[in-house]
file model12.cif (mmCIF, C-alpha atoms and all ligand atoms)
data_work
loop_
_atom_site.label_atom_id
_atom_site.label_comp_id
_atom_site.auth_asym_id
_atom_site.auth_seq_id
_atom_site.Cartn_x
_atom_site.Cartn_y
_atom_site.Cartn_z
CA MET L 636 81.18 101.42 145.33
CA GLU L 637 82.02 105.11 145.78
CA GLU L 638 80.47 107.45 143.22
CA MET L 639 83.65 109.53 143.36
CA LYS L 640 85.87 106.51 142.88
CA ASN L 641 86.75 106.72 139.28
CA LEU L 642 86.94 110.37 138.49
CA SER L 643 90.26 110.13 136.74
CA SER L 644 89.47 111.78 133.42
CA ARG L 645 90.57 109.61 130.51
CA ALA L 646 89.36 109.44 126.98
CA ILE L 647 87.41 106.82 125.09
CA GLY L 648 87.48 107.83 121.47
CA ASN L 649 86.99 111.59 121.56
CA ALA L 650 85.03 111.58 124.79
CA HIS L 651 86.81 112.75 127.92
CA GLY L 652 85.32 112.06 131.30
CA PRO L 653 85.24 109.77 134.30
CA ILE L 654 85.71 106.13 133.34
CA TYR L 655 83.52 103.40 134.85
CA THR L 656 83.61 99.66 134.33
CA SER L 657 80.46 97.77 133.33
CA LYS L 658 80.49 96.23 136.80
CA GLU L 659 80.41 99.67 138.44
CA VAL L 660 77.70 100.88 136.05
CA GLU L 661 75.49 97.95 137.01
CA GLU L 662 76.24 98.12 140.74
CA LEU L 663 75.59 101.86 140.85
CA GLY L 664 72.53 101.55 138.64
CA ILE L 665 73.82 104.16 136.19
CA PRO L 666 71.55 104.25 133.14
CA SER L 667 73.30 103.38 129.93
CA THR L 668 72.50 104.67 126.44
CA GLN L 669 73.18 101.22 125.05
CA PRO L 670 73.08 97.66 126.40
CA VAL L 671 75.84 97.13 128.96
CA PRO L 672 78.37 94.75 127.37
CA LYS L 673 78.80 91.38 129.07
CA PRO L 674 82.19 90.89 130.74
CA GLU L 675 84.88 88.74 129.16
CA LYS L 676 87.15 86.16 130.75
CA CYS L 677 90.92 86.26 130.31
CA LYS L 678 91.73 83.12 128.34
CA TYR L 679 95.07 82.90 130.11
CA CYS L 680 94.32 83.41 133.83
CA GLY L 681 90.53 83.31 133.92
CA LYS L 682 90.13 86.75 135.47
CA THR L 683 86.85 88.55 134.69
CA LEU L 684 87.40 91.58 132.48
CA TYR L 685 84.89 94.43 132.31
CA TYR L 686 84.27 96.84 129.47
CA GLU L 687 84.69 100.53 130.29
CA CYS L 688 82.68 103.60 129.46
CA VAL L 689 82.59 107.33 129.97
CA VAL L 690 79.85 108.60 132.24
CA LEU L 691 78.48 112.01 131.33
CA MET L 692 75.52 113.75 132.93
CA GLY L 693 74.80 110.69 135.02
CA GLN L 694 74.61 108.38 132.01
CA ALA L 695 76.95 105.72 130.69
CA MET L 696 77.45 107.26 127.30
CA ILE L 697 80.38 106.01 125.36
CA TRP L 698 81.50 102.42 125.66
CA ASN L 699 84.93 101.30 124.64
CA LEU L 700 84.01 98.19 122.69
CA GLU L 701 87.58 97.03 122.21
CA LYS L 702 88.13 93.81 124.11
CA PRO L 703 89.19 94.58 127.69
CA ARG L 704 92.79 93.60 128.39
CA CYS L 705 94.03 91.59 131.31
CA ASP L 706 97.30 92.55 132.98
CA CYS L 707 98.55 89.01 133.59
CA GLU L 708 101.90 88.16 132.00
CA LYS L 709 100.57 85.99 129.18
CA ALA L 710 97.84 88.47 128.25
CA VAL L 711 100.33 91.35 128.23
CA ALA L 712 102.59 89.37 125.90
CA PHE L 713 99.63 88.51 123.66
CA TRP L 714 98.48 92.14 123.38
CA LYS L 715 101.98 93.35 122.77
CA GLU L 716 102.27 91.08 119.76
CA TRP L 717 98.73 91.94 118.68
CA ASP L 718 99.42 95.68 118.78
CA ALA L 719 102.63 95.25 116.82
CA LYS L 720 100.77 93.27 114.16
CA GLN L 721 97.99 95.89 113.94
CA GLU L 722 100.57 98.64 113.68
CA LYS L 723 102.25 96.81 110.81
CA ILE L 724 98.95 96.32 108.97
CA LYS L 725 98.15 100.00 109.45
CA LYS L 726 101.56 101.06 108.13
CA GLU L 727 101.18 98.84 105.08
CA LYS L 728 97.73 100.25 104.42
CA GLU L 729 99.03 103.80 104.73
CA LEU L 730 101.83 102.99 102.31
CA THR L 731 99.43 101.57 99.72
CA GLU L 732 97.16 104.57 100.12
CA GLU L 733 100.08 106.91 99.73
CA GLN L 734 101.18 105.04 96.60
CA GLU L 735 97.66 105.20 95.21
CA ARG L 736 97.51 108.95 95.85
CA ARG L 737 100.82 109.49 94.09
CA LYS L 738 99.75 107.29 91.20
CA GLN L 739 96.55 109.27 90.77
CA LYS L 740 98.42 112.53 90.90
CA ILE L 741 100.85 111.36 88.24
CA GLU L 742 98.03 109.93 86.13
CA SER L 743 96.11 113.16 86.36
CA ILE L 744 99.14 114.97 85.03
CA LEU L 745 100.46 112.52 82.46
CA GLY L 746 97.54 110.29 81.66
CA LYS L 747 97.80 106.56 82.42
CA SER L 748 101.08 104.64 82.46
CA GLY L 749 101.74 105.75 78.91
CA ILE L 750 101.63 102.21 77.55
CA LYS L 751 99.70 102.13 74.31
CA LYS L 752 96.94 99.58 73.89
CA ARG L 753 98.72 97.50 71.29
CA TYR L 754 101.62 96.99 73.68
CA LEU L 755 99.54 95.75 76.60
CA SER L 756 100.13 92.20 75.39
CA ARG L 757 103.90 92.57 75.73
CA THR L 758 104.17 90.62 78.94
CA ILE L 759 106.79 88.35 80.43
CA GLU L 760 104.53 85.43 79.57
CA SER L 761 104.31 86.37 75.89
CA PHE L 762 108.08 86.78 75.55
CA ALA L 763 109.46 83.74 73.75
CA VAL L 764 112.67 82.71 75.48
CA THR L 765 115.46 81.56 73.17
CA ALA L 766 119.06 80.62 73.80
CA GLU L 767 120.27 84.05 72.74
CA ASN L 768 117.78 86.17 74.72
CA LYS L 769 117.62 84.02 77.84
CA LYS L 770 120.13 86.12 79.74
CA SER L 771 118.22 89.34 79.08
CA PHE L 772 114.98 87.60 79.97
CA ASP L 773 116.45 86.38 83.25
CA ILE L 774 117.67 89.87 84.10
CA ALA L 775 114.18 91.24 83.42
CA THR L 776 112.43 88.65 85.58
CA ASP L 777 114.97 89.12 88.35
CA TYR L 778 114.42 92.87 88.16
CA ILE L 779 110.67 92.38 88.58
CA LYS L 780 111.12 89.93 91.41
CA ASN L 781 113.57 92.10 93.30
CA PHE L 782 112.17 95.48 92.33
CA LYS L 783 111.91 96.63 95.93
CA LYS L 784 115.61 96.09 96.46
CA TYR L 785 116.73 97.58 93.14
CA SER L 786 114.40 100.51 93.53
CA ALA L 787 115.77 101.29 96.99
CA GLN L 788 119.25 101.40 95.43
CA GLY L 789 118.04 103.52 92.52
CA LYS L 790 119.14 100.77 90.14
CA GLY L 791 117.74 100.71 86.62
CA LEU L 792 118.49 98.96 83.34
CA TYR L 793 120.10 100.02 80.09
CA LEU L 794 118.69 97.80 77.32
CA GLU L 795 120.78 98.37 74.22
CA GLY L 796 120.74 96.74 70.80
CA PRO L 797 119.55 96.92 67.22
CA CYS L 798 115.95 96.99 65.98
CA GLY L 799 113.46 94.30 66.83
CA THR L 800 115.36 92.36 69.47
CA GLY L 801 112.68 92.69 72.13
CA LYS L 802 113.98 95.64 74.17
CA THR L 803 110.64 97.45 74.24
CA HIS L 804 108.83 94.18 74.81
CA LEU L 805 110.91 93.42 77.91
CA ALA L 806 110.70 96.99 79.19
CA ILE L 807 106.91 96.97 78.89
CA ALA L 808 106.74 93.52 80.49
CA ILE L 809 108.64 94.93 83.48
CA ALA L 810 106.37 97.98 83.59
CA LEU L 811 103.19 95.88 83.51
CA ALA L 812 104.41 93.51 86.21
CA ILE L 813 105.39 96.35 88.50
CA ILE L 814 102.20 98.34 87.86
CA ASN L 815 100.35 95.18 88.91
CA THR L 816 101.92 95.42 92.34
CA GLY L 817 100.44 98.91 92.70
CA VAL L 818 103.63 100.87 92.09
CA PRO L 819 103.34 103.92 89.82
CA VAL L 820 105.27 103.43 86.57
CA ILE L 821 105.54 105.62 83.48
CA CYS L 822 106.72 104.03 80.25
CA LYS L 823 107.10 106.35 77.27
CA THR L 824 109.33 106.98 74.33
CA SER L 825 111.70 109.90 74.69
CA ILE L 826 109.79 111.48 71.80
CA ASP L 827 106.51 111.32 73.76
CA ILE L 828 108.14 112.57 76.94
CA LEU L 829 109.52 115.61 75.17
CA SER L 830 106.28 116.31 73.34
CA ASP L 831 104.34 116.07 76.63
CA ILE L 832 106.57 118.78 78.01
CA LYS L 833 106.33 120.89 74.87
CA ARG L 834 102.56 120.70 74.97
CA CYS L 835 102.64 122.58 78.28
CA TYR L 836 103.82 125.68 76.44
CA GLU L 837 100.53 125.84 74.53
CA ARG L 838 98.18 128.48 75.81
CA ASN L 839 95.30 126.10 76.55
CA SER L 840 97.45 123.57 78.43
CA GLU L 841 95.85 122.38 81.65
CA VAL L 842 99.15 121.50 83.29
CA THR L 843 102.34 123.43 83.70
CA GLU L 844 105.78 122.39 82.54
CA GLU L 845 106.86 122.18 86.19
CA GLU L 846 104.08 119.73 87.00
CA VAL L 847 104.92 117.47 84.08
CA LEU L 848 108.64 117.57 84.79
CA GLU L 849 107.93 116.89 88.46
CA ALA L 850 105.91 113.79 87.54
CA TYR L 851 108.75 112.40 85.41
CA LYS L 852 111.27 113.23 88.08
CA THR L 853 109.39 111.58 90.91
CA VAL L 854 107.49 108.60 89.50
CA ASP L 855 108.61 105.37 91.22
CA LEU L 856 109.84 103.83 87.97
CA LEU L 857 110.41 105.71 84.71
CA ILE L 858 110.97 103.82 81.48
CA ILE L 859 112.34 105.86 78.59
CA ASP L 860 111.84 103.87 75.44
CA ASP L 861 114.01 104.46 72.41
CA LEU L 862 116.29 107.10 73.87
CA GLY L 863 118.28 108.68 71.06
CA LYS L 864 115.45 108.45 68.51
CA GLU L 865 114.18 111.91 69.44
CA GLN L 866 115.29 114.97 67.62
CA VAL L 867 118.32 116.23 69.48
CA THR L 868 118.09 119.96 70.12
CA GLU L 869 119.64 122.51 72.45
CA TRP L 870 116.42 122.23 74.40
CA SER L 871 115.92 118.44 74.49
CA VAL L 872 119.27 117.43 75.97
CA PRO L 873 119.10 119.60 79.12
CA VAL L 874 115.47 118.57 79.65
CA LEU L 875 116.32 114.87 79.57
CA TYR L 876 119.37 115.55 81.67
CA SER L 877 117.36 117.31 84.36
CA ILE L 878 114.92 114.38 84.56
CA LEU L 879 117.64 111.73 84.72
CA ASN L 880 119.79 113.76 87.05
CA GLU L 881 117.07 114.37 89.60
CA ARG L 882 116.10 110.73 89.53
CA TYR L 883 119.72 109.74 90.01
CA GLU L 884 120.08 112.04 92.99
CA ALA L 885 116.81 110.89 94.53
CA LEU L 886 117.84 107.22 94.04
CA LEU L 887 114.86 106.58 91.78
CA PRO L 888 115.25 103.86 89.15
CA THR L 889 115.03 104.46 85.40
CA ILE L 890 115.02 101.94 82.58
CA ILE L 891 116.26 102.98 79.16
CA THR L 892 115.89 101.15 75.87
CA THR L 893 118.03 102.36 72.98
CA ASN L 894 119.59 101.40 69.67
CA TYR L 895 122.83 103.01 70.81
CA ASN L 896 125.56 101.75 73.03
CA THR L 897 126.68 104.23 75.67
CA THR L 898 129.43 105.82 73.59
CA ALA L 899 127.21 106.19 70.52
CA LEU L 900 124.37 107.57 72.63
CA ALA L 901 126.64 110.19 74.19
CA GLU L 902 127.78 111.15 70.69
CA LYS L 903 124.24 111.29 69.40
CA LEU L 904 123.06 113.46 72.30
CA SER L 905 125.97 115.86 71.85
CA ALA L 906 125.05 116.46 68.21
CA LYS L 907 123.95 119.97 69.13
CA GLY L 908 127.23 120.82 70.76
CA ASP L 909 126.76 120.09 74.43
CA ALA L 910 129.03 117.05 74.70
CA GLU L 911 129.63 117.65 78.39
CA THR L 912 125.98 117.45 79.36
CA ALA L 913 125.44 114.41 77.17
CA THR L 914 128.40 112.56 78.64
CA ALA L 915 127.25 113.49 82.12
CA ILE L 916 123.79 112.04 81.42
CA ILE L 917 125.15 108.77 80.18
CA SER L 918 127.88 108.22 82.71
CA ARG L 919 125.58 108.91 85.63
CA PHE L 920 123.04 106.60 84.19
CA VAL L 921 125.45 103.76 83.56
CA GLU L 922 126.77 104.03 87.08
CA SER L 923 123.33 103.43 88.53
CA SER L 924 122.09 100.72 86.21
CA LYS L 925 122.75 97.36 84.66
CA ARG L 926 123.68 97.20 80.97
CA VAL L 927 121.90 94.56 78.97
CA THR L 928 123.03 94.05 75.39
CA MET L 929 120.34 92.58 73.18
CA SER L 930 121.97 92.04 69.85
CA TRP L 931 120.54 89.43 67.50
CA ALA L 932 118.25 89.15 64.50
CA ASP L 933 115.16 91.33 64.24
CA TYR L 934 112.25 89.39 65.73
CA ARG L 935 109.86 91.15 63.38
CA ARG L 936 111.54 89.62 60.37
CA LYS L 937 111.33 86.12 61.72
CA GLY L 938 109.15 83.96 59.75
N1 LIG S 1 111.37 87.10 72.39
C1 LIG S 1 110.24 87.58 71.90
N2 LIG S 1 109.08 86.92 72.06
C2 LIG S 1 107.92 87.39 71.58
N3 LIG S 1 107.83 88.53 70.85
C3 LIG S 1 108.95 89.24 70.65
C4 LIG S 1 110.20 88.81 71.17
N4 LIG S 1 111.14 89.71 70.81
C5 LIG S 1 110.50 90.66 70.12
N5 LIG S 1 109.18 90.37 70.01
C6 LIG S 1 108.16 91.12 69.31
O1 LIG S 1 108.77 91.67 68.16
C7 LIG S 1 108.38 93.01 67.98
C8 LIG S 1 109.61 93.92 68.06
O2 LIG S 1 110.14 93.85 69.36
P1 LIG S 1 110.46 95.16 70.21
O3 LIG S 1 109.51 96.24 69.81
O4 LIG S 1 110.52 94.81 71.62
O5 LIG S 1 111.89 95.46 69.61
P2 LIG S 1 112.93 96.57 70.04
O6 LIG S 1 114.16 95.86 70.46
O7 LIG S 1 112.32 97.50 71.00
O8 LIG S 1 113.19 97.28 68.64
P3 LIG S 1 113.49 98.83 68.33
O9 LIG S 1 114.93 99.02 68.63
O10 LIG S 1 113.19 98.94 66.89
O11 LIG S 1 112.62 99.66 69.19
C9 LIG S 1 107.36 93.31 69.03
O12 LIG S 1 106.08 93.09 68.54
C10 LIG S 1 107.67 92.30 70.12
O13 LIG S 1 106.53 91.98 70.89
MG MG S 2 111.75 99.48 70.91
ZN ZN S 3 94.89 87.24 132.49
#
call {"tool": "encode", "arguments": {"input": "model12.cif", "output": "structure tokens", "more": "lines below"}}
Ligand SMILES: Nc1ncnc2c1ncn2[C@@H]1O[C@H](COP(=O)(O)OP(=O)(O)OP(=O)(O)O)[C@@H](O)[C@H]1O
Ligand SMILES: [Mg+2]
Ligand SMILES: [Zn+2]
result
Amino acid sequence: MEEMKNLSSRAIGNAHGPIYTSKEVEELGIPSTQPVPKPEKCKYCGKTLYYECVVLMGQAMIWNLEKPRCDCEKAVAFWKEWDAKQEKIKKEKELTEEQERRKQKIESILGKSGIKKRYLSRTIESFAVTAENKKSFDIATDYIKNFKKYSAQGKGLYLEGPCGTGKTHLAIAIALAIINTGVPVICKTSIDILSDIKRCYERNSEVTEEEVLEAYKTVDLLIIDDLGKEQVTEWSVPVLYSILNERYEALLPTIITTNYNTTALAEKLSAKGDAETATAIISRFVESSKRVTMSWADYRRKG
């Protein structure tokens, strides 16, 4: 075997240099910094496959310990599929890591999901299905099941109805189920959202208004509980509008629970004069979401 034979400089890991097979290393008597790996046999054609290493300063230094690949047809097909599978696993891992990073960033700005302890028991399982609420329940479970699809379309839900019909319960059940799949979700009342933002104006605030707004505008799923209960001011309406509008444009889903139907909500939000903005908020929202009317007796008064 010629010493000069294999001087094509390739890389193994970060090491660049002439590549030798284990067979060449042994035949040439090149000392190795670690035991020379035993050759493998192609399970398809039986050919002997040698591991490769980089030789530096007369020593076999860095071994590529990935299984050597045969170039026969069946082996090539096998490795092609293998590589595709590995690539997919890597992509999925990157996506989860990216999601986790975003979640942590949002949490560091807004605290956890926003769901208060006493509501953590409001799950799909603890929702008692009755003849009258079955349709709403089915919509909620379908939303959870197909969240990926709905989220890609920016589709949310508008849960409307009087007090105590289970709107918040269902919204929280959706939030908990989706959080469980690792997706960042914020679920807060409109009152809490607005007070979070207001708190940024205080001198000792650790986060800026922009950061908080950004978190609401970009979280994967935002649930605004009890929209319309907040004090409507010349400040509150444009703030809510900017959050909903940016989410609408970015195709990010939002779920709203409210005691008002869309007309009444628009009226309520225009109490301080800006009817145009209020109507714009509602009509954009309705366009991108499913309306669910939950109108029956107050569950809290049931005996
Ligand atoms: N179908 C149900 N099964 C079990 N618990 C329910 C059901 N519907 C409502 N509840 C419970 O009744 C209480 C009131 O429900 P919830 O807070 O969801 O009402 P809401 O529609 O959001 O009312 P509001 O408009 O006043 O906010 C909660 O404790 C909730 O867990
Ligand atoms: Mg509620
Ligand atoms: Zn082979």
call {"tool": "atom_distance", "arguments": {"input": "model12.cif", "atom1": "atom CA of L:Tyr754", "atom2": "atom CA of L:Trp931"}}
result
21.3 Å
call {"tool": "residues_near_ligand", "arguments": {"input": "model12.cif", "ligand": "ligand MG 2 (chain S)", "cutoff": "8 Å", "atoms": "all atoms listed in the file", "output": "list in words"}}
result
Cys798, Gly799, Gly801, Lys802, Thr803, His804, Asp860, Asp861, Thr892 and Thr893 of chain L
call {"tool": "residues_near_ligand", "arguments": {"input": "model12.cif", "ligand": "ligand ZN 3 (chain S)", "cutoff": "7 Å", "atoms": "all atoms listed in the file", "output": "PyMOL selection string"}}
result
chain L and resi 677-682+705-707+709-710
call {"tool": "write_last_selection", "arguments": {"input": "model12.cif", "atoms": "C-alpha atoms", "output": "short mmCIF file (atom, residue, chain, number, x, y, z; two decimals), keeping the file's coordinate frame"}}
result
data_model
loop_
_atom_site.label_atom_id
_atom_site.label_comp_id
_atom_site.auth_asym_id
_atom_site.auth_seq_id
_atom_site.Cartn_x
_atom_site.Cartn_y
_atom_site.Cartn_z
CA CYS L 677 90.92 86.26 130.31
CA LYS L 678 91.73 83.12 128.34
CA TYR L 679 95.07 82.90 130.11
CA CYS L 680 94.32 83.41 133.83
CA GLY L 681 90.53 83.31 133.92
CA LYS L 682 90.13 86.75 135.47
CA CYS L 705 94.03 91.59 131.31
CA ASP L 706 97.30 92.55 132.98
CA CYS L 707 98.55 89.01 133.59
CA LYS L 709 100.57 85.99 129.18
CA ALA L 710 97.84 88.47 128.25
#
call {"tool": "closest_residue", "arguments": {"input": "model12.cif", "among": "L:Val820, L:Leu755, L:Gln721, L:Tyr686", "to": "L:Lys738", "atoms": "all atoms listed in the file"}}
result
L:Val820
call {"tool": "closest_residue", "arguments": {"input": "model12.cif", "among": "L:Ala806, L:Asn880, L:Glu795, L:Val927", "to": "L:Gly863", "atoms": "only C-alpha atoms"}}
result
L:Glu795
call {"tool": "closest_atom_pairs", "arguments": {"input": "model12.cif", "of": "chain L", "to": "ligand LIG 1 (chain S)", "cutoff": "10 Å", "atoms": "only C-alpha atoms and all ligand atoms", "output": "CSV"}}
result
residue,atom,partner,partner_atom,distance
L:Arg753,CA,S:LIG1,O12,9.0
L:Tyr754,CA,S:LIG1,O13,7.5
L:Leu755,CA,S:LIG1,O13,9.8
L:Ser756,CA,S:LIG1,O13,7.8
L:Arg757,CA,S:LIG1,O13,5.5
L:Thr758,CA,S:LIG1,O13,8.5
L:Ile759,CA,S:LIG1,N2,8.8
L:Glu760,CA,S:LIG1,C2,8.9
L:Ser761,CA,S:LIG1,C2,5.7
L:Phe762,CA,S:LIG1,N2,3.6
L:Ala763,CA,S:LIG1,N2,3.6
L:Val764,CA,S:LIG1,N1,5.5
L:Thr765,CA,S:LIG1,N1,6.9
L:Glu767,CA,S:LIG1,N1,9.4
L:Asn768,CA,S:LIG1,N1,6.9
L:Lys769,CA,S:LIG1,N1,8.8
L:Ser771,CA,S:LIG1,N1,9.8
L:Phe772,CA,S:LIG1,N1,8.4
L:Leu794,CA,S:LIG1,O6,8.4
L:Glu795,CA,S:LIG1,O6,8.0
L:Gly796,CA,S:LIG1,O9,6.6
L:Pro797,CA,S:LIG1,O9,5.3
L:Cys798,CA,S:LIG1,O9,3.5
L:Gly799,CA,S:LIG1,O5,3.4
L:Thr800,CA,S:LIG1,O6,3.8
L:Gly801,CA,S:LIG1,O4,3.1
L:Lys802,CA,S:LIG1,O6,3.7
L:Thr803,CA,S:LIG1,O7,3.6
L:His804,CA,S:LIG1,O4,3.7
L:Leu805,CA,S:LIG1,O4,6.5
L:Ala806,CA,S:LIG1,O4,7.9
L:Ile807,CA,S:LIG1,O4,8.4
L:Ala808,CA,S:LIG1,O13,9.7
L:Thr824,CA,S:LIG1,O11,9.5
L:Asp860,CA,S:LIG1,O11,7.6
L:Asp861,CA,S:LIG1,O11,5.9
L:Leu862,CA,S:LIG1,O11,9.5
L:Lys864,CA,S:LIG1,O11,9.3
L:Thr892,CA,S:LIG1,O7,7.1
L:Thr893,CA,S:LIG1,O9,6.3
L:Asn894,CA,S:LIG1,O9,5.3
L:Tyr895,CA,S:LIG1,O9,9.1
L:Met929,CA,S:LIG1,O6,7.5
L:Ser930,CA,S:LIG1,O6,8.7
L:Trp931,CA,S:LIG1,O6,9.5
L:Ala932,CA,S:LIG1,N4,9.5
L:Asp933,CA,S:LIG1,C8,7.2
L:Tyr934,CA,S:LIG1,O1,4.8
L:Arg935,CA,S:LIG1,O1,4.9
L:Arg936,CA,S:LIG1,O1,8.5
L:Lys937,CA,S:LIG1,O1,8.9
call {"tool": "write_last_selection", "arguments": {"input": "model12.cif", "atoms": "C-alpha atoms", "output": "short mmCIF file (atom, residue, chain, number, x, y, z; two decimals), in the coordinates of the input"}}
result
data_model
loop_
_atom_site.label_atom_id
_atom_site.label_comp_id
_atom_site.auth_asym_id
_atom_site.auth_seq_id
_atom_site.Cartn_x
_atom_site.Cartn_y
_atom_site.Cartn_z
CA ARG L 753 98.72 97.50 71.29
CA TYR L 754 101.62 96.99 73.68
CA LEU L 755 99.54 95.75 76.60
CA SER L 756 100.13 92.20 75.39
CA ARG L 757 103.90 92.57 75.73
CA THR L 758 104.17 90.62 78.94
CA ILE L 759 106.79 88.35 80.43
CA GLU L 760 104.53 85.43 79.57
CA SER L 761 104.31 86.37 75.89
CA PHE L 762 108.08 86.78 75.55
CA ALA L 763 109.46 83.74 73.75
CA VAL L 764 112.67 82.71 75.48
CA THR L 765 115.46 81.56 73.17
CA GLU L 767 120.27 84.05 72.74
CA ASN L 768 117.78 86.17 74.72
CA LYS L 769 117.62 84.02 77.84
CA SER L 771 118.22 89.34 79.08
CA PHE L 772 114.98 87.60 79.97
CA LEU L 794 118.69 97.80 77.32
CA GLU L 795 120.78 98.37 74.22
CA GLY L 796 120.74 96.74 70.80
CA PRO L 797 119.55 96.92 67.22
CA CYS L 798 115.95 96.99 65.98
CA GLY L 799 113.46 94.30 66.83
CA THR L 800 115.36 92.36 69.47
CA GLY L 801 112.68 92.69 72.13
CA LYS L 802 113.98 95.64 74.17
CA THR L 803 110.64 97.45 74.24
CA HIS L 804 108.83 94.18 74.81
CA LEU L 805 110.91 93.42 77.91
CA ALA L 806 110.70 96.99 79.19
CA ILE L 807 106.91 96.97 78.89
CA ALA L 808 106.74 93.52 80.49
CA THR L 824 109.33 106.98 74.33
CA ASP L 860 111.84 103.87 75.44
CA ASP L 861 114.01 104.46 72.41
CA LEU L 862 116.29 107.10 73.87
CA LYS L 864 115.45 108.45 68.51
CA THR L 892 115.89 101.15 75.87
CA THR L 893 118.03 102.36 72.98
CA ASN L 894 119.59 101.40 69.67
CA TYR L 895 122.83 103.01 70.81
CA MET L 929 120.34 92.58 73.18
CA SER L 930 121.97 92.04 69.85
CA TRP L 931 120.54 89.43 67.50
CA ALA L 932 118.25 89.15 64.50
CA ASP L 933 115.16 91.33 64.24
CA TYR L 934 112.25 89.39 65.73
CA ARG L 935 109.86 91.15 63.38
CA ARG L 936 111.54 89.62 60.37
CA LYS L 937 111.33 86.12 61.72
#
